[in-house]
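Peer 1: Just dropping this structure here.
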Amino acid sequence: MQVLFTPRFVRMIGTLPPDLQEEVYEKVELVQDPKNHPVLKVHKLQGKLKGIWSFSVNYKTRIVFEITKEGYLLHAVGDHDVYK
């Protein structure tokens with residue numbers, strides 16, 4: 001699947017340290033193959049974020065995304081506050 005970035009996601013990733021940015025891009029490459037989803041802990045969100053998905057970059061960092069007909073639309077990256 002194709003991966004698309006919202007302007008917000010691009011701004012957020014620019015604020016991360018370079019080593020974490022590199023790790024984010026590595027995980028974005030992995031999420032394109034559904035076989036990697038268990039490793040990345042891809043899961044649907046609930047409540048106010050129903051219809052949105054998330055996956056882990058590392059123990060602390062998450063990526064919030066939406067599945068559209070065009071592909072994965074990445075909305076936000078950060079710690080658990082990204083869900084707010």
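The way I read the labels, and the way they are meant: chains A, B, ... in the order of the structure tokens, residue 1 as the first residue of every chain, and ligand 1 as the first ligand shown, with later ones counted on from there.
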Compile the contact shell of Gln21 in chain A as a ChimeraX atom specification: residues with an atom at most 12 Å away, counting only C-alpha atoms, same-chain residues fewer than 2 positions apart removed.
Peer 2: /A:9-19,23-28,57-58,61,63,77-78
Peer 1: Keeping N, CA and C atoms, export the residues of the selection given above as an mmCIF file, in the first residue's frame.
Peer 2:
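Result went into again24.cif, see below:
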data_model
loop_
_atom_site.group_PDB
_atom_site.id
_atom_site.type_symbol
_atom_site.label_atom_id
_atom_site.label_comp_id
_atom_site.auth_asym_id
_atom_site.auth_seq_id
_atom_site.Cartn_x
_atom_site.Cartn_y
_atom_site.Cartn_z
ATOM 1 N N PHE A 9 1.691 15.573 10.136
ATOM 2 C CA PHE A 9 2.665 14.507 10.363
ATOM 3 C C PHE A 9 4.065 14.983 9.992
ATOM 4 N N VAL A 10 4.195 15.659 8.861
ATOM 5 C CA VAL A 10 5.493 16.154 8.404
ATOM 6 C C VAL A 10 6.070 17.138 9.417
ATOM 7 N N ARG A 11 5.228 18.028 9.949
ATOM 8 C CA ARG A 11 5.695 18.977 10.960
ATOM 9 C C ARG A 11 6.140 18.248 12.229
ATOM 10 N N MET A 12 5.352 17.270 12.646
ATOM 11 C CA MET A 12 5.657 16.550 13.878
ATOM 12 C C MET A 12 6.958 15.758 13.760
ATOM 13 N N ILE A 13 7.157 15.105 12.641
ATOM 14 C CA ILE A 13 8.377 14.304 12.489
ATOM 15 C C ILE A 13 9.609 15.206 12.453
ATOM 16 N N GLY A 14 9.444 16.426 11.959
ATOM 17 C CA GLY A 14 10.554 17.370 11.920
ATOM 18 C C GLY A 14 11.020 17.813 13.291
ATOM 19 N N THR A 15 10.178 17.647 14.306
ATOM 20 C CA THR A 15 10.550 18.040 15.667
ATOM 21 C C THR A 15 11.262 16.922 16.431
ATOM 22 N N LEU A 16 11.282 15.725 15.850
ATOM 23 C CA LEU A 16 11.905 14.581 16.522
ATOM 24 C C LEU A 16 13.421 14.589 16.337
ATOM 25 N N PRO A 17 14.151 13.986 17.273
ATOM 26 C CA PRO A 17 15.600 13.849 17.095
ATOM 27 C C PRO A 17 15.912 13.013 15.840
ATOM 28 N N PRO A 18 17.035 13.279 15.182
ATOM 29 C CA PRO A 18 17.373 12.571 13.935
ATOM 30 C C PRO A 18 17.349 11.047 14.042
ATOM 31 N N ASP A 19 17.832 10.491 15.152
ATOM 32 C CA ASP A 19 17.834 9.032 15.282
ATOM 33 C C ASP A 19 16.414 8.477 15.369
ATOM 34 N N GLU A 23 14.237 5.955 12.747
ATOM 35 C CA GLU A 23 13.469 4.800 13.205
ATOM 36 C C GLU A 23 12.022 4.876 12.710
ATOM 37 N N VAL A 24 11.445 6.078 12.710
ATOM 38 C CA VAL A 24 10.074 6.262 12.217
ATOM 39 C C VAL A 24 9.996 5.853 10.747
ATOM 40 N N TYR A 25 10.924 6.333 9.935
ATOM 41 C CA TYR A 25 10.902 5.998 8.508
ATOM 42 C C TYR A 25 11.091 4.502 8.270
ATOM 43 N N GLU A 26 11.896 3.848 9.103
ATOM 44 C CA GLU A 26 12.067 2.395 8.980
ATOM 45 C C GLU A 26 10.746 1.681 9.243
ATOM 46 N N LYS A 27 10.025 2.096 10.286
ATOM 47 C CA LYS A 27 8.748 1.466 10.631
ATOM 48 C C LYS A 27 7.677 1.775 9.584
ATOM 49 N N VAL A 28 7.721 2.962 8.992
ATOM 50 C CA VAL A 28 6.774 3.312 7.933
ATOM 51 C C VAL A 28 6.977 2.366 6.740
ATOM 52 N N VAL A 57 6.311 2.597 16.952
ATOM 53 C CA VAL A 57 7.655 2.807 16.410
ATOM 54 C C VAL A 57 8.645 2.165 17.377
ATOM 55 N N ASN A 58 8.446 2.435 18.654
ATOM 56 C CA ASN A 58 9.230 1.829 19.725
ATOM 57 C C ASN A 58 8.352 1.799 20.970
ATOM 58 N N THR A 61 6.958 5.615 21.274
ATOM 59 C CA THR A 61 6.477 6.408 20.147
ATOM 60 C C THR A 61 5.442 5.649 19.318
ATOM 61 N N ILE A 63 2.501 5.966 15.878
ATOM 62 C CA ILE A 63 2.048 6.659 14.678
ATOM 63 C C ILE A 63 0.553 6.405 14.547
ATOM 64 N N VAL A 77 2.608 11.581 14.855
ATOM 65 C CA VAL A 77 3.648 10.744 15.452
ATOM 66 C C VAL A 77 4.054 11.358 16.774
ATOM 67 N N GLY A 78 4.234 10.518 17.794
ATOM 68 C CA GLY A 78 4.659 11.019 19.095
ATOM 69 C C GLY A 78 4.401 10.007 20.183
#
Peer 1: Any chance you could list, as a PyMOL selection string, the residues in chain A that come up strand (DSSP E) when DSSP is run on the backbone?
Peer 2: chain A and resi 3-5+43-44+53-56+62-67+72-78
Peer 1: Only C-alpha atoms, please: the residues just picked out, written as an mmCIF file, in the first residue's frame.
Peer 2:
data_model
loop_
_atom_site.group_PDB
_atom_site.id
_atom_site.type_symbol
_atom_site.label_atom_id
_atom_site.label_comp_id
_atom_site.auth_asym_id
_atom_site.auth_seq_id
_atom_site.Cartn_x
_atom_site.Cartn_y
_atom_site.Cartn_z
ATOM 1 C CA VAL A 3 1.937 5.742 2.357
ATOM 2 C CA LEU A 4 0.808 9.373 2.413
ATOM 3 C CA PHE A 5 1.737 12.051 4.963
ATOM 4 C CA HIS A 43 -4.463 -1.857 16.003
ATOM 5 C CA LYS A 44 -7.736 0.040 15.615
ATOM 6 C CA TRP A 53 -5.410 3.078 13.497
ATOM 7 C CA SER A 54 -2.101 3.151 15.338
ATOM 8 C CA PHE A 55 1.213 1.291 15.341
ATOM 9 C CA SER A 56 4.341 1.321 17.465
ATOM 10 C CA ARG A 62 3.287 5.781 18.144
ATOM 11 C CA ILE A 63 2.048 6.659 14.678
ATOM 12 C CA VAL A 64 -1.647 7.398 14.153
ATOM 13 C CA PHE A 65 -2.998 6.747 10.671
ATOM 14 C CA GLU A 66 -6.076 6.183 8.585
ATOM 15 C CA ILE A 67 -6.641 3.561 5.922
ATOM 16 C CA TYR A 72 -2.155 4.648 4.580
ATOM 17 C CA LEU A 73 -2.611 8.309 5.518
ATOM 18 C CA LEU A 74 -0.276 9.119 8.432
ATOM 19 C CA HIS A 75 -1.727 11.802 10.717
ATOM 20 C CA ALA A 76 0.520 12.093 13.760
ATOM 21 C CA VAL A 77 3.648 10.744 15.452
ATOM 22 C CA GLY A 78 4.659 11.019 19.095
#
Peer 1: Considering only alpha helix (DSSP H) as DSSP defines it on the backbone, what residues of chain A qualify? List them as a PyMOL selection string.
Peer 2: chain A and resi 7-14+18-31+37-40
Peer 1: Hey, which of A:Glu70, A:Leu20, A:Val39, A:Lys60 ends up closest to Met1 in chain A? Count only C-alpha atoms.
Peer 2: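 When distances to Met1 in chain A are compared using only C-alpha atoms, the smallest one comes from A:Glu70.
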Peer 1: Report, in Å to a single decimal, how far apart CA of Leu30 in chain A and CA of Val42 in chain A are.
Peer 2: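 These two atoms are separated by 11.1 Å.
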Peer 1: I'd like to know which of A:Tyr83, A:Gly71, A:Thr6, A:Pro34 is closest to Lys50 in chain A, using only C-alpha atoms.
Peer 2: A:Tyr83
Peer 1: Counting only C-alpha atoms, which residue out of A:Lys35, A:Gln2, A:Lys84, A:Pro7 sits closest to Lys48 in chain A?
Peer 2: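 Closest to Lys48 in chain A, using only C-alpha atoms: A:Lys84.
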Peer 1: What's the separation between CA of Leu45 in chain A and CA of Val31 in chain A, in Å to one decimal place?
Peer 2: 16.5 Å
